[in-house]
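Enquirer: Contents of start-v5.txt (compact mmCIF, N, CA and C atoms and all ligand atoms) are below:
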```
# COMPACT_ATOMS: atom_id res chain seq x y z
N MET H 1 -19.37 2.96 -7.29
CA MET H 1 -20.55 2.23 -6.86
C MET H 1 -21.68 2.47 -7.86
N THR H 2 -22.26 1.40 -8.31
CA THR H 2 -23.35 1.53 -9.26
C THR H 2 -24.55 2.20 -8.63
N HIS H 3 -25.22 3.04 -9.37
CA HIS H 3 -26.39 3.79 -8.89
C HIS H 3 -26.06 4.59 -7.63
N GLU H 4 -24.80 4.87 -7.40
CA GLU H 4 -24.35 5.65 -6.23
C GLU H 4 -24.78 5.01 -4.91
N ILE H 5 -24.97 3.70 -4.88
CA ILE H 5 -25.37 3.04 -3.63
C ILE H 5 -24.11 2.51 -2.96
N VAL H 6 -23.82 3.02 -1.78
CA VAL H 6 -22.63 2.57 -1.05
C VAL H 6 -23.07 1.75 0.16
N PRO H 7 -22.21 0.83 0.62
CA PRO H 7 -22.61 0.05 1.80
C PRO H 7 -22.69 0.94 3.04
N ASP H 8 -23.42 0.47 4.03
CA ASP H 8 -23.58 1.18 5.29
C ASP H 8 -22.21 1.39 5.95
N GLN H 9 -21.75 2.64 6.00
CA GLN H 9 -20.41 2.92 6.52
C GLN H 9 -20.31 2.71 8.03
N TYR H 10 -21.46 2.53 8.70
CA TYR H 10 -21.44 2.28 10.15
C TYR H 10 -21.57 0.79 10.45
N ASN H 11 -21.65 -0.02 9.40
CA ASN H 11 -21.72 -1.47 9.59
C ASN H 11 -20.44 -1.92 10.31
N GLU H 12 -20.60 -2.71 11.38
CA GLU H 12 -19.43 -3.05 12.20
C GLU H 12 -18.38 -3.85 11.43
N ASN H 13 -18.79 -4.61 10.42
CA ASN H 13 -17.80 -5.37 9.65
C ASN H 13 -16.97 -4.45 8.76
N ILE H 14 -17.61 -3.41 8.23
CA ILE H 14 -16.87 -2.46 7.41
C ILE H 14 -15.90 -1.68 8.30
N ASP H 15 -16.36 -1.32 9.50
CA ASP H 15 -15.51 -0.63 10.47
C ASP H 15 -14.31 -1.49 10.84
N LEU H 16 -14.58 -2.77 11.10
CA LEU H 16 -13.53 -3.69 11.51
C LEU H 16 -12.53 -3.87 10.37
N GLY H 17 -13.02 -4.00 9.15
CA GLY H 17 -12.15 -4.14 7.98
C GLY H 17 -11.23 -2.94 7.85
N ARG H 18 -11.80 -1.76 8.07
CA ARG H 18 -11.03 -0.52 7.98
C ARG H 18 -9.93 -0.52 9.06
N PHE H 19 -10.32 -0.94 10.27
CA PHE H 19 -9.36 -0.97 11.38
C PHE H 19 -8.22 -1.94 11.07
N ILE H 20 -8.56 -3.14 10.61
CA ILE H 20 -7.52 -4.15 10.31
C ILE H 20 -6.57 -3.61 9.25
N HIS H 21 -7.14 -3.00 8.23
CA HIS H 21 -6.30 -2.45 7.17
C HIS H 21 -5.33 -1.42 7.75
N GLU H 22 -5.86 -0.49 8.57
CA GLU H 22 -5.02 0.58 9.10
C GLU H 22 -4.00 0.03 10.09
N PHE H 23 -4.42 -0.93 10.92
CA PHE H 23 -3.53 -1.47 11.95
C PHE H 23 -2.37 -2.24 11.33
N TYR H 24 -2.65 -3.13 10.41
CA TYR H 24 -1.61 -4.00 9.87
C TYR H 24 -0.72 -3.32 8.83
N TYR H 25 -1.23 -2.28 8.21
CA TYR H 25 -0.44 -1.66 7.15
C TYR H 25 -0.03 -0.23 7.45
N LYS H 26 -0.17 0.15 8.77
CA LYS H 26 0.16 1.50 9.19
C LYS H 26 1.60 1.87 8.79
N ARG H 27 2.54 0.95 9.04
CA ARG H 27 3.95 1.25 8.78
C ARG H 27 4.31 1.05 7.31
N ASP H 28 3.45 0.40 6.58
CA ASP H 28 3.79 0.03 5.20
C ASP H 28 2.71 0.56 4.25
N LYS H 29 2.36 1.82 4.47
CA LYS H 29 1.21 2.35 3.75
C LYS H 29 1.56 2.63 2.29
N LYS H 30 1.08 1.78 1.40
CA LYS H 30 1.38 1.95 -0.01
C LYS H 30 0.11 1.78 -0.82
N GLU H 31 -1.00 2.22 -0.26
CA GLU H 31 -2.27 2.07 -0.97
C GLU H 31 -2.16 2.75 -2.34
N ILE H 32 -2.60 2.04 -3.35
CA ILE H 32 -2.45 2.53 -4.72
C ILE H 32 -3.81 2.67 -5.38
N ARG H 33 -4.04 3.84 -5.96
CA ARG H 33 -5.27 4.03 -6.74
C ARG H 33 -4.90 3.89 -8.22
N PHE H 34 -5.64 3.04 -8.92
CA PHE H 34 -5.38 2.83 -10.35
C PHE H 34 -6.72 2.89 -11.06
N GLY H 35 -6.97 3.95 -11.81
CA GLY H 35 -8.30 4.13 -12.40
C GLY H 35 -9.31 4.24 -11.28
N ASN H 36 -10.35 3.40 -11.33
CA ASN H 36 -11.34 3.49 -10.26
C ASN H 36 -11.22 2.37 -9.23
N VAL H 37 -10.08 1.70 -9.21
CA VAL H 37 -9.88 0.69 -8.17
C VAL H 37 -8.71 1.08 -7.26
N VAL H 38 -8.76 0.57 -6.03
CA VAL H 38 -7.72 0.88 -5.06
C VAL H 38 -7.19 -0.43 -4.49
N PHE H 39 -5.87 -0.62 -4.57
CA PHE H 39 -5.27 -1.81 -3.99
C PHE H 39 -4.78 -1.45 -2.60
N ASP H 40 -4.87 -2.43 -1.69
CA ASP H 40 -4.36 -2.18 -0.34
C ASP H 40 -2.85 -2.00 -0.35
N ILE H 41 -2.18 -2.89 -1.04
CA ILE H 41 -0.72 -2.78 -1.08
C ILE H 41 -0.20 -3.20 -2.46
N LEU H 42 0.98 -2.73 -2.76
CA LEU H 42 1.65 -3.05 -4.02
C LEU H 42 3.12 -3.21 -3.71
N TYR H 43 3.70 -4.33 -4.10
CA TYR H 43 5.13 -4.52 -3.85
C TYR H 43 5.72 -5.45 -4.89
N GLU H 44 7.04 -5.54 -4.87
CA GLU H 44 7.73 -6.40 -5.83
C GLU H 44 8.39 -7.55 -5.07
N LYS H 45 8.25 -8.75 -5.62
CA LYS H 45 8.89 -9.90 -4.97
C LYS H 45 9.42 -10.82 -6.06
N ASN H 46 10.71 -11.13 -5.99
CA ASN H 46 11.36 -11.98 -7.00
C ASN H 46 11.04 -11.51 -8.42
N ASN H 47 11.16 -10.23 -8.64
CA ASN H 47 10.89 -9.62 -9.95
C ASN H 47 9.45 -9.74 -10.41
N ARG H 48 8.57 -10.04 -9.48
CA ARG H 48 7.14 -10.09 -9.82
C ARG H 48 6.44 -8.96 -9.09
N LEU H 49 5.49 -8.33 -9.81
CA LEU H 49 4.71 -7.26 -9.19
C LEU H 49 3.52 -7.91 -8.48
N ILE H 50 3.35 -7.60 -7.21
CA ILE H 50 2.27 -8.21 -6.43
C ILE H 50 1.33 -7.11 -5.93
N ILE H 51 0.04 -7.32 -6.13
CA ILE H 51 -0.92 -6.43 -5.49
C ILE H 51 -1.61 -7.24 -4.40
N GLY H 52 -1.91 -6.59 -3.31
CA GLY H 52 -2.47 -7.34 -2.19
C GLY H 52 -3.71 -6.69 -1.62
N GLU H 53 -4.56 -7.55 -1.09
CA GLU H 53 -5.76 -7.11 -0.37
C GLU H 53 -5.73 -7.77 0.99
N THR H 54 -6.08 -7.00 2.01
CA THR H 54 -6.13 -7.58 3.35
C THR H 54 -7.58 -7.68 3.80
N LYS H 55 -7.94 -8.82 4.34
CA LYS H 55 -9.33 -9.08 4.72
C LYS H 55 -9.40 -9.55 6.17
N LYS H 56 -10.55 -9.33 6.76
CA LYS H 56 -10.65 -9.70 8.18
C LYS H 56 -10.82 -11.20 8.36
N SER H 57 -11.38 -11.87 7.37
CA SER H 57 -11.60 -13.31 7.52
C SER H 57 -11.55 -13.97 6.15
N SER H 58 -11.15 -15.26 6.16
CA SER H 58 -11.09 -15.98 4.89
C SER H 58 -12.45 -16.63 4.57
N LYS H 59 -13.45 -16.33 5.40
CA LYS H 59 -14.76 -16.94 5.20
C LYS H 59 -15.31 -16.67 3.79
N PHE H 60 -15.05 -15.45 3.30
CA PHE H 60 -15.56 -15.11 1.97
C PHE H 60 -14.40 -14.98 0.98
N SER H 61 -13.42 -15.86 1.12
CA SER H 61 -12.20 -15.72 0.30
C SER H 61 -12.48 -15.89 -1.19
N GLU H 62 -13.55 -16.60 -1.53
CA GLU H 62 -13.87 -16.77 -2.95
C GLU H 62 -14.22 -15.41 -3.56
N ALA H 63 -15.05 -14.63 -2.86
CA ALA H 63 -15.40 -13.29 -3.35
C ALA H 63 -14.17 -12.40 -3.38
N SER H 64 -13.32 -12.51 -2.36
CA SER H 64 -12.11 -11.69 -2.31
C SER H 64 -11.18 -12.05 -3.46
N LYS H 65 -11.13 -13.33 -3.79
CA LYS H 65 -10.28 -13.79 -4.91
C LYS H 65 -10.73 -13.13 -6.21
N TRP H 66 -12.04 -13.09 -6.43
CA TRP H 66 -12.54 -12.50 -7.68
C TRP H 66 -12.34 -10.99 -7.72
N GLN H 67 -12.37 -10.37 -6.55
CA GLN H 67 -12.06 -8.93 -6.49
C GLN H 67 -10.62 -8.72 -6.99
N LEU H 68 -9.69 -9.54 -6.51
CA LEU H 68 -8.30 -9.40 -6.93
C LEU H 68 -8.11 -9.76 -8.40
N ILE H 69 -8.81 -10.79 -8.85
CA ILE H 69 -8.70 -11.17 -10.27
C ILE H 69 -9.18 -10.01 -11.15
N TYR H 70 -10.24 -9.33 -10.71
CA TYR H 70 -10.73 -8.17 -11.44
C TYR H 70 -9.65 -7.08 -11.51
N TYR H 71 -8.99 -6.83 -10.38
CA TYR H 71 -7.92 -5.83 -10.37
C TYR H 71 -6.78 -6.26 -11.30
N LEU H 72 -6.44 -7.56 -11.25
CA LEU H 72 -5.34 -8.04 -12.10
C LEU H 72 -5.67 -7.86 -13.58
N LYS H 73 -6.93 -8.05 -13.92
CA LYS H 73 -7.36 -7.89 -15.32
C LYS H 73 -7.28 -6.42 -15.73
N ILE H 74 -7.66 -5.53 -14.84
CA ILE H 74 -7.57 -4.10 -15.15
C ILE H 74 -6.11 -3.73 -15.41
N LEU H 75 -5.23 -4.26 -14.57
CA LEU H 75 -3.80 -3.98 -14.77
C LEU H 75 -3.32 -4.58 -16.08
N LYS H 76 -3.74 -5.82 -16.36
CA LYS H 76 -3.29 -6.48 -17.61
C LYS H 76 -3.74 -5.67 -18.82
N ASP H 77 -4.98 -5.20 -18.80
CA ASP H 77 -5.50 -4.41 -19.92
C ASP H 77 -4.69 -3.13 -20.12
N ALA H 78 -4.04 -2.69 -19.04
CA ALA H 78 -3.20 -1.49 -19.13
C ALA H 78 -1.75 -1.86 -19.42
N GLY H 79 -1.51 -3.15 -19.70
CA GLY H 79 -0.16 -3.60 -20.06
C GLY H 79 0.72 -3.94 -18.85
N ILE H 80 0.10 -4.09 -17.69
CA ILE H 80 0.87 -4.39 -16.47
C ILE H 80 0.54 -5.80 -16.00
N ILE H 81 1.55 -6.66 -15.99
CA ILE H 81 1.34 -8.04 -15.53
C ILE H 81 1.67 -8.12 -14.04
N ALA H 82 0.70 -8.57 -13.27
CA ALA H 82 0.90 -8.65 -11.82
C ALA H 82 0.27 -9.93 -11.29
N GLU H 83 0.57 -10.23 -10.06
CA GLU H 83 -0.06 -11.35 -9.36
C GLU H 83 -0.71 -10.79 -8.10
N GLY H 84 -1.58 -11.60 -7.50
CA GLY H 84 -2.29 -11.10 -6.34
C GLY H 84 -1.98 -11.89 -5.08
N MET H 85 -2.15 -11.24 -3.94
CA MET H 85 -1.96 -11.92 -2.66
C MET H 85 -3.06 -11.46 -1.70
N LEU H 86 -3.85 -12.42 -1.26
CA LEU H 86 -4.87 -12.13 -0.25
C LEU H 86 -4.27 -12.41 1.11
N SER H 87 -4.42 -11.46 2.03
CA SER H 87 -3.88 -11.66 3.38
C SER H 87 -4.99 -11.59 4.40
N PHE H 88 -4.93 -12.54 5.34
CA PHE H 88 -5.90 -12.58 6.45
C PHE H 88 -5.09 -12.53 7.74
N PRO H 89 -4.68 -11.32 8.14
CA PRO H 89 -3.74 -11.19 9.26
C PRO H 89 -4.21 -11.87 10.53
N GLU H 90 -5.51 -11.79 10.83
CA GLU H 90 -5.99 -12.39 12.08
C GLU H 90 -5.87 -13.91 12.06
N GLU H 91 -5.83 -14.49 10.86
CA GLU H 91 -5.70 -15.95 10.75
C GLU H 91 -4.28 -16.35 10.37
N ARG H 92 -3.42 -15.35 10.21
CA ARG H 92 -2.03 -15.58 9.76
C ARG H 92 -2.02 -16.46 8.51
N LYS H 93 -2.84 -16.04 7.55
CA LYS H 93 -3.02 -16.85 6.35
C LYS H 93 -2.87 -15.97 5.10
N LYS H 94 -2.30 -16.53 4.05
CA LYS H 94 -2.17 -15.81 2.78
C LYS H 94 -2.57 -16.74 1.65
N ILE H 95 -3.18 -16.17 0.61
CA ILE H 95 -3.56 -16.97 -0.56
C ILE H 95 -3.07 -16.24 -1.81
N GLU H 96 -2.33 -16.97 -2.65
CA GLU H 96 -1.87 -16.38 -3.91
C GLU H 96 -3.00 -16.42 -4.94
N VAL H 97 -3.10 -15.37 -5.74
CA VAL H 97 -4.14 -15.30 -6.77
C VAL H 97 -3.48 -14.96 -8.10
N LYS H 98 -3.80 -15.76 -9.13
CA LYS H 98 -3.22 -15.50 -10.45
C LYS H 98 -4.32 -15.30 -11.48
N LEU H 99 -4.01 -14.55 -12.51
CA LEU H 99 -4.97 -14.32 -13.59
C LEU H 99 -4.71 -15.34 -14.70
N SER H 100 -5.34 -16.49 -14.59
CA SER H 100 -5.16 -17.52 -15.62
C SER H 100 -6.16 -17.25 -16.76
N ALA H 101 -5.98 -17.98 -17.87
CA ALA H 101 -6.91 -17.84 -19.00
C ALA H 101 -8.32 -18.23 -18.57
N GLU H 102 -8.42 -19.30 -17.77
CA GLU H 102 -9.74 -19.75 -17.29
C GLU H 102 -10.38 -18.68 -16.40
N ALA H 103 -9.55 -18.09 -15.55
CA ALA H 103 -10.08 -17.06 -14.64
C ALA H 103 -10.59 -15.86 -15.45
N GLU H 104 -9.87 -15.52 -16.53
CA GLU H 104 -10.32 -14.39 -17.36
C GLU H 104 -11.68 -14.68 -17.98
N LEU H 105 -11.85 -15.92 -18.47
CA LEU H 105 -13.14 -16.29 -19.07
C LEU H 105 -14.26 -16.23 -18.05
N GLU H 106 -14.00 -16.77 -16.87
CA GLU H 106 -15.00 -16.79 -15.80
C GLU H 106 -15.32 -15.35 -15.38
N LEU H 107 -14.29 -14.52 -15.31
CA LEU H 107 -14.49 -13.11 -14.93
C LEU H 107 -15.42 -12.42 -15.93
N GLU H 108 -15.20 -12.72 -17.21
CA GLU H 108 -16.06 -12.13 -18.25
C GLU H 108 -17.53 -12.47 -17.99
N LYS H 109 -17.77 -13.74 -17.64
CA LYS H 109 -19.16 -14.18 -17.36
C LYS H 109 -19.71 -13.45 -16.14
N ILE H 110 -18.89 -13.35 -15.10
CA ILE H 110 -19.33 -12.68 -13.87
C ILE H 110 -19.68 -11.22 -14.17
N LEU H 111 -18.82 -10.55 -14.93
CA LEU H 111 -19.07 -9.13 -15.24
C LEU H 111 -20.33 -8.95 -16.07
N LYS H 112 -20.57 -9.92 -16.96
CA LYS H 112 -21.80 -9.85 -17.77
C LYS H 112 -23.03 -10.02 -16.88
N ASP H 113 -22.96 -10.98 -15.96
CA ASP H 113 -24.07 -11.18 -15.01
C ASP H 113 -24.33 -9.91 -14.20
N ILE H 114 -23.25 -9.27 -13.76
CA ILE H 114 -23.40 -8.04 -12.97
C ILE H 114 -24.07 -6.96 -13.82
N ASP H 115 -23.59 -6.83 -15.05
CA ASP H 115 -24.19 -5.83 -15.97
C ASP H 115 -25.67 -6.09 -16.18
N ASP H 116 -26.02 -7.38 -16.35
CA ASP H 116 -27.43 -7.73 -16.54
C ASP H 116 -28.28 -7.28 -15.36
N ILE H 117 -27.75 -7.49 -14.16
CA ILE H 117 -28.50 -7.09 -12.95
C ILE H 117 -28.60 -5.56 -12.88
N ILE H 118 -27.48 -4.90 -13.14
CA ILE H 118 -27.48 -3.42 -13.07
C ILE H 118 -28.49 -2.83 -14.05
N ASN H 119 -28.61 -3.46 -15.21
CA ASN H 119 -29.47 -2.89 -16.25
C ASN H 119 -30.94 -3.25 -16.12
N GLN H 120 -31.27 -4.05 -15.12
CA GLN H 120 -32.68 -4.33 -14.89
C GLN H 120 -33.36 -3.05 -14.38
N PRO H 121 -34.60 -2.83 -14.77
CA PRO H 121 -35.28 -1.60 -14.31
C PRO H 121 -35.50 -1.58 -12.80
N ASN H 122 -35.64 -2.77 -12.21
CA ASN H 122 -35.83 -2.86 -10.76
C ASN H 122 -34.85 -3.89 -10.19
N PRO H 123 -34.45 -3.68 -8.92
CA PRO H 123 -33.54 -4.68 -8.33
C PRO H 123 -34.22 -6.03 -8.21
N PRO H 124 -33.45 -7.11 -8.23
CA PRO H 124 -34.06 -8.43 -8.06
C PRO H 124 -34.68 -8.55 -6.66
N LYS H 125 -35.60 -9.49 -6.51
CA LYS H 125 -36.22 -9.71 -5.20
C LYS H 125 -35.16 -10.13 -4.19
N VAL H 126 -35.32 -9.66 -2.97
CA VAL H 126 -34.35 -10.03 -1.94
C VAL H 126 -34.47 -11.51 -1.63
N SER H 127 -33.34 -12.15 -1.59
CA SER H 127 -33.34 -13.56 -1.24
C SER H 127 -32.32 -13.74 -0.12
N LYS H 128 -32.83 -13.98 1.09
CA LYS H 128 -31.95 -14.09 2.26
C LYS H 128 -30.99 -15.26 2.08
N ASN H 129 -29.71 -15.00 2.35
CA ASN H 129 -28.72 -16.07 2.20
C ASN H 129 -27.65 -15.94 3.29
N ASN H 130 -26.65 -16.80 3.22
CA ASN H 130 -25.62 -16.84 4.28
C ASN H 130 -24.80 -15.56 4.39
N PHE H 131 -24.77 -14.76 3.32
CA PHE H 131 -23.95 -13.55 3.34
C PHE H 131 -24.66 -12.38 4.01
N CYS H 132 -26.00 -12.45 4.08
CA CYS H 132 -26.79 -11.28 4.52
C CYS H 132 -26.40 -10.79 5.92
N LYS H 133 -26.13 -11.73 6.83
CA LYS H 133 -25.90 -11.38 8.23
C LYS H 133 -24.82 -10.29 8.38
N ASN H 134 -23.76 -10.41 7.62
CA ASN H 134 -22.64 -9.47 7.77
C ASN H 134 -22.54 -8.47 6.62
N CYS H 135 -23.56 -8.40 5.79
CA CYS H 135 -23.48 -7.58 4.58
C CYS H 135 -23.71 -6.10 4.87
N GLY H 136 -22.89 -5.27 4.24
CA GLY H 136 -22.99 -3.82 4.43
C GLY H 136 -24.22 -3.22 3.75
N TYR H 137 -24.93 -4.02 3.00
CA TYR H 137 -26.12 -3.51 2.29
C TYR H 137 -27.42 -3.97 2.94
N LYS H 138 -27.32 -4.70 4.06
CA LYS H 138 -28.54 -5.33 4.59
C LYS H 138 -29.61 -4.31 5.00
N GLU H 139 -29.16 -3.09 5.40
CA GLU H 139 -30.16 -2.07 5.77
C GLU H 139 -31.02 -1.71 4.56
N TYR H 140 -30.44 -1.75 3.37
CA TYR H 140 -31.21 -1.44 2.16
C TYR H 140 -32.16 -2.59 1.83
N CYS H 141 -31.66 -3.81 1.99
CA CYS H 141 -32.44 -4.96 1.55
C CYS H 141 -33.59 -5.29 2.50
N PHE H 142 -33.38 -5.07 3.80
CA PHE H 142 -34.37 -5.57 4.76
C PHE H 142 -35.01 -4.48 5.60
N SER H 143 -35.04 -3.23 5.12
CA SER H 143 -35.72 -2.21 5.92
C SER H 143 -37.02 -1.80 5.23
S1 LIG I 1 -29.49 -9.93 -0.34
FE1 LIG I 1 -28.19 -10.21 1.47
S2 LIG I 1 -26.11 -10.45 0.68
FE2 LIG I 1 -27.37 -9.59 -1.00
S3 LIG I 1 -27.06 -7.37 -0.82
FE3 LIG I 1 -28.89 -7.89 0.38
S4 LIG I 1 -28.17 -8.20 2.46
FE4 LIG I 1 -26.39 -8.29 1.12
```
Please lay out the structure from this file as structure tokens.
Expert:
Amino acid sequence: MTHEIVPDQYNENIDLGRFIHEFYYKRDKKEIRFGNVVFDILYEKNNRLIIGETKKSSKFSEASKWQLIYYLKILKDAGIIAEGMLSFPEERKKIEVKLSAEAELELEKILKDIDDIINQPNPPKVSKNNFCKNCGYKEYCFS
């Protein structure tokens, strides 16, 4: 976590996410730590290495997709070619995620934007948006 700022661990969405992860993967616990990232699951299917993330809702699947693309890039840089799978157990839904050349370019831009924000002397002004309601950082932004 940048600047050692972690989300509110008592936030009900973070609690729920933790519960879903533990409930659905209790029997298949294969959480993998690789460098400073942790994948929920890792398995092989049809000779392809798959890393997976389980989420409580597909509402923010775009952000979840980029999280997985970031993990796939870290693996690729280490010489490991993998694909991603997002799972939304409560919706019985899965989304495949691949690290395409376009995705790599877009990821580079996203990481640069993040770096630019991190390196600002002060955080940007709070701008309330659709994500704030369920965000684990809202206590920091709005207190
Ligand atoms: S502005 Fe909203 S979405 Fe962004 S960190 Fe703060 S609470 Fe979360």
Enquirer: Write out as a PDB file with N, CA and C atoms, in the frame of the given file each polymer residue whose atoms come within 7 Å of segment 126-140 of chain H, counting all atoms listed in the file; drop sequence neighbours fewer than 2 positions from it.
Expert:
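Saved file selection_32.pdb follows:
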```pdb
ATOM      1  N   VAL H   6     -23.820   3.020  -1.780  1.00  0.00           N
ATOM      2  CA  VAL H   6     -22.630   2.570  -1.050  1.00  0.00           C
ATOM      3  C   VAL H   6     -23.070   1.750   0.160  1.00  0.00           C
ATOM      4  N   PRO H   7     -22.210   0.830   0.620  1.00  0.00           N
ATOM      5  CA  PRO H   7     -22.610   0.050   1.800  1.00  0.00           C
ATOM      6  C   PRO H   7     -22.690   0.940   3.040  1.00  0.00           C
ATOM      7  N   ASP H   8     -23.420   0.470   4.030  1.00  0.00           N
ATOM      8  CA  ASP H   8     -23.580   1.180   5.290  1.00  0.00           C
ATOM      9  C   ASP H   8     -22.210   1.390   5.950  1.00  0.00           C
ATOM     10  N   GLN H   9     -21.750   2.640   6.000  1.00  0.00           N
ATOM     11  CA  GLN H   9     -20.410   2.920   6.520  1.00  0.00           C
ATOM     12  C   GLN H   9     -20.310   2.710   8.030  1.00  0.00           C
ATOM     13  N   ASN H  11     -21.650  -0.020   9.400  1.00  0.00           N
ATOM     14  CA  ASN H  11     -21.720  -1.470   9.590  1.00  0.00           C
ATOM     15  C   ASN H  11     -20.440  -1.920  10.310  1.00  0.00           C
ATOM     16  N   ASN H  13     -18.790  -4.610  10.420  1.00  0.00           N
ATOM     17  CA  ASN H  13     -17.800  -5.370   9.650  1.00  0.00           C
ATOM     18  C   ASN H  13     -16.970  -4.450   8.760  1.00  0.00           C
ATOM     19  N   ILE H  14     -17.610  -3.410   8.230  1.00  0.00           N
ATOM     20  CA  ILE H  14     -16.870  -2.460   7.410  1.00  0.00           C
ATOM     21  C   ILE H  14     -15.900  -1.680   8.300  1.00  0.00           C
ATOM     22  N   PRO H 123     -34.450  -3.680  -8.920  1.00  0.00           N
ATOM     23  CA  PRO H 123     -33.540  -4.680  -8.330  1.00  0.00           C
ATOM     24  C   PRO H 123     -34.220  -6.030  -8.210  1.00  0.00           C
ATOM     25  N   PRO H 124     -33.450  -7.110  -8.230  1.00  0.00           N
ATOM     26  CA  PRO H 124     -34.060  -8.430  -8.060  1.00  0.00           C
ATOM     27  C   PRO H 124     -34.680  -8.550  -6.660  1.00  0.00           C
ATOM     28  N   PHE H 142     -33.380  -5.070   3.800  1.00  0.00           N
ATOM     29  CA  PHE H 142     -34.370  -5.570   4.760  1.00  0.00           C
ATOM     30  C   PHE H 142     -35.010  -4.480   5.600  1.00  0.00           C
ATOM     31  N   SER H 143     -35.040  -3.230   5.120  1.00  0.00           N
ATOM     32  CA  SER H 143     -35.720  -2.210   5.920  1.00  0.00           C
ATOM     33  C   SER H 143     -37.020  -1.800   5.230  1.00  0.00           C
TER      34      SER H 143
END
```
Enquirer: Counting only C-alpha atoms, which of H:Lys56, H:Ile50, H:Lys45, H:Val37 gets nearest to Glu91 of chain H?
Expert: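 Checking each candidate against Glu91 of chain H, we get H:Lys56 as the closest.
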Enquirer: Kindly give the distance, in Å, that separates atom CA of Tyr71 of chain H and atom CA of Phe39 of chain H, rounded to a single decimal.
Expert: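 Here the two named atoms are 8.0 Å from each other.
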Enquirer: In Å, with one decimal, what is the gap from atom CA of Leu68 of chain H to atom CA of Cys141 of chain H?
Expert: 26.0 Å
Enquirer: Each residue of segment 35-69 of chain H lying at most 12 Å from segment 109-122 of chain H should get a row with its shortest atom-to-atom pair and the distance in Å to one decimal, counting only C-alpha atoms; could you produce that, ordered by chain and increasing number, as a Markdown table?
Expert:
```
| residue | atom | partner | partner_atom | distance |
| --- | --- | --- | --- | --- |
| H:Ala63 | CA | H:Ile110 | CA | 11.2 |
| H:Trp66 | CA | H:Ile110 | CA | 9.2 |
| H:Gln67 | CA | H:Ile110 | CA | 11.0 |
| H:Ile69 | CA | H:Ile110 | CA | 11.3 |
```
Enquirer: Out of H:Ile95, H:Leu75, H:Ser58, H:Ala103, which residue has the shortest atom-to-atom distance to Val38 of chain H when counting only C-alpha atoms?
Expert: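 Of H:Ile95, H:Leu75, H:Ser58, H:Ala103, the one nearest Val38 of chain H is H:Leu75, counting only C-alpha atoms.
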Enquirer: Box for ligand LIG 1 (chain I): with edges along x, y and z, all listed atoms inside and 6 Å added on each side, what are the centre and edge lengths in Å to one decimal, as JSON?
Expert:
```
{"center_x": -27.8, "center_y": -8.9, "center_z": 0.7, "size_x": 15.4, "size_y": 15.1, "size_z": 15.5}
```
Enquirer: Suppose you want the space between atom CA of Glu96 of chain H and atom CA of Asn36 of chain H; what is it in Å?
Expert: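 Taking atom CA of Glu96 of chain H as the start and atom CA of Asn36 of chain H as the end point, the length is 22.9 Å.
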Enquirer: Please return, as a short mmCIF file (atom, residue, chain, number, x, y, z; two decimals) with N, CA and C atoms, in the frame of the given file, all residues of segment 75-119 of chain H that DSSP assigns to alpha helix (DSSP H) on the basis of the backbone.
Expert:
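Output file selection-v6.cif is given in full below:
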```
data_model
loop_
_atom_site.label_atom_id
_atom_site.label_comp_id
_atom_site.auth_asym_id
_atom_site.auth_seq_id
_atom_site.Cartn_x
_atom_site.Cartn_y
_atom_site.Cartn_z
N LEU H 75 -5.23 -4.26 -14.57
CA LEU H 75 -3.80 -3.98 -14.77
C LEU H 75 -3.32 -4.58 -16.08
N LYS H 76 -3.74 -5.82 -16.36
CA LYS H 76 -3.29 -6.48 -17.61
C LYS H 76 -3.74 -5.67 -18.82
N ASP H 77 -4.98 -5.20 -18.80
CA ASP H 77 -5.50 -4.41 -19.92
C ASP H 77 -4.69 -3.13 -20.12
N ALA H 101 -5.98 -17.98 -17.87
CA ALA H 101 -6.91 -17.84 -19.00
C ALA H 101 -8.32 -18.23 -18.57
N GLU H 102 -8.42 -19.30 -17.77
CA GLU H 102 -9.74 -19.75 -17.29
C GLU H 102 -10.38 -18.68 -16.40
N ALA H 103 -9.55 -18.09 -15.55
CA ALA H 103 -10.08 -17.06 -14.64
C ALA H 103 -10.59 -15.86 -15.45
N GLU H 104 -9.87 -15.52 -16.53
CA GLU H 104 -10.32 -14.39 -17.36
C GLU H 104 -11.68 -14.68 -17.98
N LEU H 105 -11.85 -15.92 -18.47
CA LEU H 105 -13.14 -16.29 -19.07
C LEU H 105 -14.26 -16.23 -18.05
N GLU H 106 -14.00 -16.77 -16.87
CA GLU H 106 -15.00 -16.79 -15.80
C GLU H 106 -15.32 -15.35 -15.38
N LEU H 107 -14.29 -14.52 -15.31
CA LEU H 107 -14.49 -13.11 -14.93
C LEU H 107 -15.42 -12.42 -15.93
N GLU H 108 -15.20 -12.72 -17.21
CA GLU H 108 -16.06 -12.13 -18.25
C GLU H 108 -17.53 -12.47 -17.99
N LYS H 109 -17.77 -13.74 -17.64
CA LYS H 109 -19.16 -14.18 -17.36
C LYS H 109 -19.71 -13.45 -16.14
N ILE H 110 -18.89 -13.35 -15.10
CA ILE H 110 -19.33 -12.68 -13.87
C ILE H 110 -19.68 -11.22 -14.17
N LEU H 111 -18.82 -10.55 -14.93
CA LEU H 111 -19.07 -9.13 -15.24
C LEU H 111 -20.33 -8.95 -16.07
N LYS H 112 -20.57 -9.92 -16.96
CA LYS H 112 -21.80 -9.85 -17.77
C LYS H 112 -23.03 -10.02 -16.88
N ASP H 113 -22.96 -10.98 -15.96
CA ASP H 113 -24.07 -11.18 -15.01
C ASP H 113 -24.33 -9.91 -14.20
N ILE H 114 -23.25 -9.27 -13.76
CA ILE H 114 -23.40 -8.04 -12.97
C ILE H 114 -24.07 -6.96 -13.82
N ASP H 115 -23.59 -6.83 -15.05
CA ASP H 115 -24.19 -5.83 -15.97
C ASP H 115 -25.67 -6.09 -16.18
N ASP H 116 -26.02 -7.38 -16.35
CA ASP H 116 -27.43 -7.73 -16.54
C ASP H 116 -28.28 -7.28 -15.36
N ILE H 117 -27.75 -7.49 -14.16
CA ILE H 117 -28.50 -7.09 -12.95
C ILE H 117 -28.60 -5.56 -12.88
N ILE H 118 -27.48 -4.90 -13.14
CA ILE H 118 -27.48 -3.42 -13.07
C ILE H 118 -28.49 -2.83 -14.05
#
```
